Amino acid sequence: MRGPSFTGPMAKLFGNHAGFSANLEIQNGADGEMKIPAKLAFRDGKSRMEMDMSPSRRNSAPGDTSERIKAMGMDQMILINRPDRKVQYSINPTLKAYVEQPLTDPEATKSPEDFTVTTTLITRETVDGHDCEKNRVEIADKEGSKQIMTAWNAKDLDKFPVKIEQTQNGQLSTILFKDIKLTKPDGALFEPPQEFTKYNSYPEMFRTEMMKNYKGGQRVPGEPRAPQPPRE
């Protein structure tokens, strides 16, 4: 389960806002065929995103994907990116476990000073009640790699981007920010819970935690229920 990364070039979109928190709506596809609600906390390049997959919607097979994800205990996921440590924590609150993996994207661990930003005004629009400048934003690194995004920067929030659009591999992704608080979140939010079990991979985590449930007499999430004997 992956969400947008707020490290590397994406972090440059927030300008001088070193810390904030917000509710998100992540839309994938031109028609927003999949929408994921989330919560984001950002502080000095570190990010924490809590995603709720249970109410996600697809135009095809409505509810089917969400129900399978929920049955496996994967409807809630917390992703913490720590570029300072070059690691990502993927936390599963249902299993009380998390996976620690290295950040493999070389862009994610670069310093903000490694990127230059070129902003071009497109027009002015209102987004969720905010008077915004709609900008074309080009972010380039020292090696010449570029990313192009569209950002709606709210004038009443010191140009905070309340909406971001980006197309990657032909897929349009839109992020809407709501209930924005422009204060630094608590640093403890960017640490995995000490009482949770640490794993090095997703297969190891799910195999071990599901076997615990199995041995404890619980049905493994996603496993069919055993047939019941007929009533007399």
# chains A, B, ... in the order shown; residues from 1 in each chain; ligands from 1
>>> residues_around(residues="Asp141 in chain A", least_positions_apart="5", cutoff="8 Å", atoms="only C-alpha atoms", output="JSON, numbers by chain")
{"A": [114, 115, 116, 146]}
>>> write_last_selection(atoms="N, CA and C atoms", output="compact mmCIF listing (two decimals), in the first residue's frame")
# COMPACT_ATOMS: atom_id res chain seq x y z
N ASP A 114 19.16 20.81 -2.77
CA ASP A 114 19.55 20.13 -4.01
C ASP A 114 18.57 20.37 -5.15
N PHE A 115 17.47 21.07 -4.87
CA PHE A 115 16.43 21.28 -5.88
C PHE A 115 16.23 22.77 -6.13
N THR A 116 15.90 23.08 -7.37
CA THR A 116 15.50 24.44 -7.72
C THR A 116 14.06 24.41 -8.20
N LYS A 146 13.79 16.41 -13.77
CA LYS A 146 12.74 17.39 -13.53
C LYS A 146 11.41 16.70 -13.22
>>> residues_around(residues="Gln168 in chain A", least_positions_apart="6", cutoff="10 Å", atoms="only C-alpha atoms", output="VMD selection string")
chain A and resid 147 to 149
>>> write_last_selection(atoms="N, CA and C atoms", output="PDB file, in the first residue's frame")
ATOM      1  N   GLN A 147      10.640  17.351 -12.388  1.00  0.00           N
ATOM      2  CA  GLN A 147       9.265  16.957 -12.144  1.00  0.00           C
ATOM      3  C   GLN A 147       8.381  18.186 -12.315  1.00  0.00           C
ATOM      4  N   ILE A 148       7.251  17.990 -12.975  1.00  0.00           N
ATOM      5  CA  ILE A 148       6.326  19.094 -13.219  1.00  0.00           C
ATOM      6  C   ILE A 148       5.002  18.802 -12.510  1.00  0.00           C
ATOM      7  N   MET A 149       4.542  19.774 -11.736  1.00  0.00           N
ATOM      8  CA  MET A 149       3.297  19.644 -11.001  1.00  0.00           C
ATOM      9  C   MET A 149       2.471  20.909 -11.185  1.00  0.00           C
TER      10      MET A 149
END
>>> atom_distance(atom1="CA of Trp152 in chain A", atom2="CA of Val127 in chain A")
7.6 Å
>>> residues_around(residues="Phe14 in chain A", least_positions_apart="4", cutoff="12 Å", atoms="only C-alpha atoms", output="PyMOL selection string")
chain A and resi 6-10+18-21+42-45+112+117+137+151-154+157-164+177+182
>>> select_by_dssp(residues="range 156-221 of chain A", states="helix (DSSP H, G or I)", output="list in words")
Asp156, Leu157, Gly187, Ala188, Leu189, Phe190, Tyr202, Pro203, Glu204, Met205, Phe206, Arg207, Thr208, Glu209, Met210, Met211, Lys212, Asn213, Tyr214 and Lys215 of chain A
>>> write_last_selection(atoms="N, CA and C atoms", output="PDB file, in the first residue's frame")
ATOM      1  N   ASP A 156      -4.505  33.253   1.507  1.00  0.00           N
ATOM      2  CA  ASP A 156      -4.765  33.455   2.931  1.00  0.00           C
ATOM      3  C   ASP A 156      -3.982  32.509   3.829  1.00  0.00           C
ATOM      4  N   LEU A 157      -3.236  31.560   3.236  1.00  0.00           N
ATOM      5  CA  LEU A 157      -2.429  30.616   4.010  1.00  0.00           C
ATOM      6  C   LEU A 157      -0.954  30.736   3.643  1.00  0.00           C
ATOM      7  N   GLY A 187       7.118  16.001  17.611  1.00  0.00           N
ATOM      8  CA  GLY A 187       8.139  15.149  17.016  1.00  0.00           C
ATOM      9  C   GLY A 187       7.921  13.671  17.264  1.00  0.00           C
ATOM     10  N   ALA A 188       7.187  13.306  18.333  1.00  0.00           N
ATOM     11  CA  ALA A 188       6.944  11.893  18.636  1.00  0.00           C
ATOM     12  C   ALA A 188       6.098  11.207  17.577  1.00  0.00           C
ATOM     13  N   LEU A 189       5.363  11.984  16.779  1.00  0.00           N
ATOM     14  CA  LEU A 189       4.530  11.394  15.730  1.00  0.00           C
ATOM     15  C   LEU A 189       5.360  10.718  14.645  1.00  0.00           C
ATOM     16  N   PHE A 190       6.635  11.037  14.571  1.00  0.00           N
ATOM     17  CA  PHE A 190       7.485  10.533  13.485  1.00  0.00           C
ATOM     18  C   PHE A 190       8.359   9.365  13.933  1.00  0.00           C
ATOM     19  N   TYR A 202       7.183  -7.061   4.531  1.00  0.00           N
ATOM     20  CA  TYR A 202       5.745  -7.266   4.653  1.00  0.00           C
ATOM     21  C   TYR A 202       5.384  -8.751   4.750  1.00  0.00           C
ATOM     22  N   PRO A 203       5.954  -9.645   3.883  1.00  0.00           N
ATOM     23  CA  PRO A 203       5.596 -11.059   4.017  1.00  0.00           C
ATOM     24  C   PRO A 203       5.903 -11.603   5.408  1.00  0.00           C
ATOM     25  N   GLU A 204       7.042 -11.204   5.967  1.00  0.00           N
ATOM     26  CA  GLU A 204       7.397 -11.683   7.304  1.00  0.00           C
ATOM     27  C   GLU A 204       6.382 -11.182   8.333  1.00  0.00           C
ATOM     28  N   MET A 205       5.983  -9.939   8.231  1.00  0.00           N
ATOM     29  CA  MET A 205       5.039  -9.379   9.196  1.00  0.00           C
ATOM     30  C   MET A 205       3.696 -10.085   9.130  1.00  0.00           C
ATOM     31  N   PHE A 206       3.131 -10.196   7.925  1.00  0.00           N
ATOM     32  CA  PHE A 206       1.807 -10.792   7.812  1.00  0.00           C
ATOM     33  C   PHE A 206       1.817 -12.282   8.143  1.00  0.00           C
ATOM     34  N   ARG A 207       2.865 -12.985   7.701  1.00  0.00           N
ATOM     35  CA  ARG A 207       2.935 -14.412   7.999  1.00  0.00           C
ATOM     36  C   ARG A 207       3.007 -14.660   9.504  1.00  0.00           C
ATOM     37  N   THR A 208       3.869 -13.922  10.180  1.00  0.00           N
ATOM     38  CA  THR A 208       4.064 -14.129  11.617  1.00  0.00           C
ATOM     39  C   THR A 208       2.835 -13.712  12.414  1.00  0.00           C
ATOM     40  N   GLU A 209       2.290 -12.524  12.108  1.00  0.00           N
ATOM     41  CA  GLU A 209       1.160 -12.030  12.884  1.00  0.00           C
ATOM     42  C   GLU A 209      -0.101 -12.854  12.636  1.00  0.00           C
ATOM     43  N   MET A 210      -0.307 -13.310  11.408  1.00  0.00           N
ATOM     44  CA  MET A 210      -1.486 -14.113  11.125  1.00  0.00           C
ATOM     45  C   MET A 210      -1.385 -15.497  11.756  1.00  0.00           C
ATOM     46  N   MET A 211      -0.170 -16.030  11.838  1.00  0.00           N
ATOM     47  CA  MET A 211       0.019 -17.319  12.510  1.00  0.00           C
ATOM     48  C   MET A 211      -0.248 -17.185  14.005  1.00  0.00           C
ATOM     49  N   LYS A 212       0.071 -16.031  14.576  1.00  0.00           N
ATOM     50  CA  LYS A 212      -0.258 -15.797  15.987  1.00  0.00           C
ATOM     51  C   LYS A 212      -1.761 -15.898  16.192  1.00  0.00           C
ATOM     52  N   ASN A 213      -2.524 -15.278  15.304  1.00  0.00           N
ATOM     53  CA  ASN A 213      -3.973 -15.344  15.402  1.00  0.00           C
ATOM     54  C   ASN A 213      -4.488 -16.759  15.210  1.00  0.00           C
ATOM     55  N   TYR A 214      -3.860 -17.461  14.258  1.00  0.00           N
ATOM     56  CA  TYR A 214      -4.279 -18.835  13.980  1.00  0.00           C
ATOM     57  C   TYR A 214      -4.055 -19.729  15.193  1.00  0.00           C
ATOM     58  N   LYS A 215      -2.872 -19.609  15.794  1.00  0.00           N
ATOM     59  CA  LYS A 215      -2.556 -20.432  16.961  1.00  0.00           C
ATOM     60  C   LYS A 215      -3.388 -20.036  18.167  1.00  0.00           C
TER      61      LYS A 215
END
>>> residues_around(residues="range 77-84 of chain A", least_positions_apart="2", cutoff="7 Å", atoms="only C-alpha atoms", output="list of chain:residue names")
A:Lys46, A:Ser47, A:Arg48, A:Met49, A:Glu50, A:Met51, A:Asp52, A:Met74, A:Asp75, A:Lys86, A:Val87, A:Gln88, A:Tyr89, A:Ser90, A:Ile91, A:Asn92, A:Pro93, A:Ala108, A:Thr109, A:Phe190
>>> write_last_selection(atoms="N, CA and C atoms", output="compact mmCIF listing (two decimals), in the first residue's frame")
# COMPACT_ATOMS: atom_id res chain seq x y z
N LYS A 46 10.38 15.53 7.57
CA LYS A 46 9.81 14.24 7.97
C LYS A 46 8.30 14.28 7.74
N SER A 47 7.73 13.15 7.35
CA SER A 47 6.28 13.12 7.10
C SER A 47 5.66 11.86 7.71
N ARG A 48 4.42 12.03 8.13
CA ARG A 48 3.63 10.91 8.66
C ARG A 48 2.26 10.99 7.99
N MET A 49 1.87 9.91 7.31
CA MET A 49 0.58 9.87 6.63
C MET A 49 -0.22 8.68 7.12
N GLU A 50 -1.42 8.96 7.64
CA GLU A 50 -2.33 7.92 8.08
C GLU A 50 -3.40 7.75 7.01
N MET A 51 -3.46 6.54 6.42
CA MET A 51 -4.41 6.29 5.33
C MET A 51 -5.50 5.34 5.78
N ASP A 52 -6.71 5.65 5.36
CA ASP A 52 -7.87 4.82 5.65
C ASP A 52 -8.39 4.25 4.34
N MET A 74 -5.70 -4.61 6.64
CA MET A 74 -4.87 -3.63 5.94
C MET A 74 -5.64 -2.35 5.62
N ASP A 75 -6.81 -2.17 6.25
CA ASP A 75 -7.60 -0.98 5.94
C ASP A 75 -7.02 0.28 6.57
N LYS A 86 17.07 7.92 6.36
CA LYS A 86 16.98 7.18 5.10
C LYS A 86 16.16 5.90 5.26
N VAL A 87 15.08 5.98 6.04
CA VAL A 87 14.21 4.82 6.26
C VAL A 87 12.75 5.24 6.15
N GLN A 88 11.90 4.24 5.91
CA GLN A 88 10.45 4.41 5.95
C GLN A 88 9.89 3.37 6.90
N TYR A 89 8.96 3.81 7.77
CA TYR A 89 8.25 2.90 8.66
C TYR A 89 6.83 2.74 8.13
N SER A 90 6.42 1.50 7.87
CA SER A 90 5.06 1.19 7.45
C SER A 90 4.38 0.50 8.63
N ILE A 91 3.46 1.20 9.27
CA ILE A 91 2.89 0.75 10.53
C ILE A 91 1.48 0.23 10.31
N ASN A 92 1.21 -0.96 10.84
CA ASN A 92 -0.13 -1.56 10.77
C ASN A 92 -0.73 -1.56 12.16
N PRO A 93 -1.63 -0.61 12.46
CA PRO A 93 -2.21 -0.54 13.81
C PRO A 93 -3.00 -1.78 14.19
N ALA A 108 14.37 11.05 -2.52
CA ALA A 108 13.76 11.24 -1.20
C ALA A 108 14.75 11.68 -0.14
N THR A 109 16.00 11.28 -0.28
CA THR A 109 16.99 11.57 0.75
C THR A 109 17.84 12.80 0.43
N PHE A 190 6.64 11.04 14.57
CA PHE A 190 7.48 10.53 13.48
C PHE A 190 8.36 9.37 13.93
>>> closest_residue(among="A:Asn16, A:Ser145, A:Thr119, A:Thr94", to="Glu133 in chain A", atoms="only C-alpha atoms")
A:Thr119
>>> residues_around(residues="Asn23 in chain A", least_positions_apart="6", cutoff="7 Å", atoms="only C-alpha atoms", output="VMD selection string")
chain A and resid 38 to 40 177 to 179
>>> atom_distance(atom1="CA of Gln27 in chain A", atom2="CA of Pro4 in chain A")
10.6 Å
>>> atom_distance(atom1="CA of Leu95 in chain A", atom2="CA of Tyr199 in chain A")
11.6 Å
>>> closest_residue(among="A:Val99, A:Met53, A:Ile180, A:Ile139", to="Lys12 in chain A", atoms="only C-alpha atoms")
A:Ile139
>>> closest_residue(among="A:Ile36, A:Ile26, A:Ala11, A:Ala41", to="Glu165 in chain A", atoms="only C-alpha atoms")
A:Ile26
>>> select_by_dssp(residues="range 43-201 of chain A", states="strand (DSSP E)", output="NGL selection string")
:A and (43 or 46-52 or 76-82 or 87-92 or 97-102 or 115-127 or 130-141 or 146-154 or 160-168 or 171-181 or 197-199)
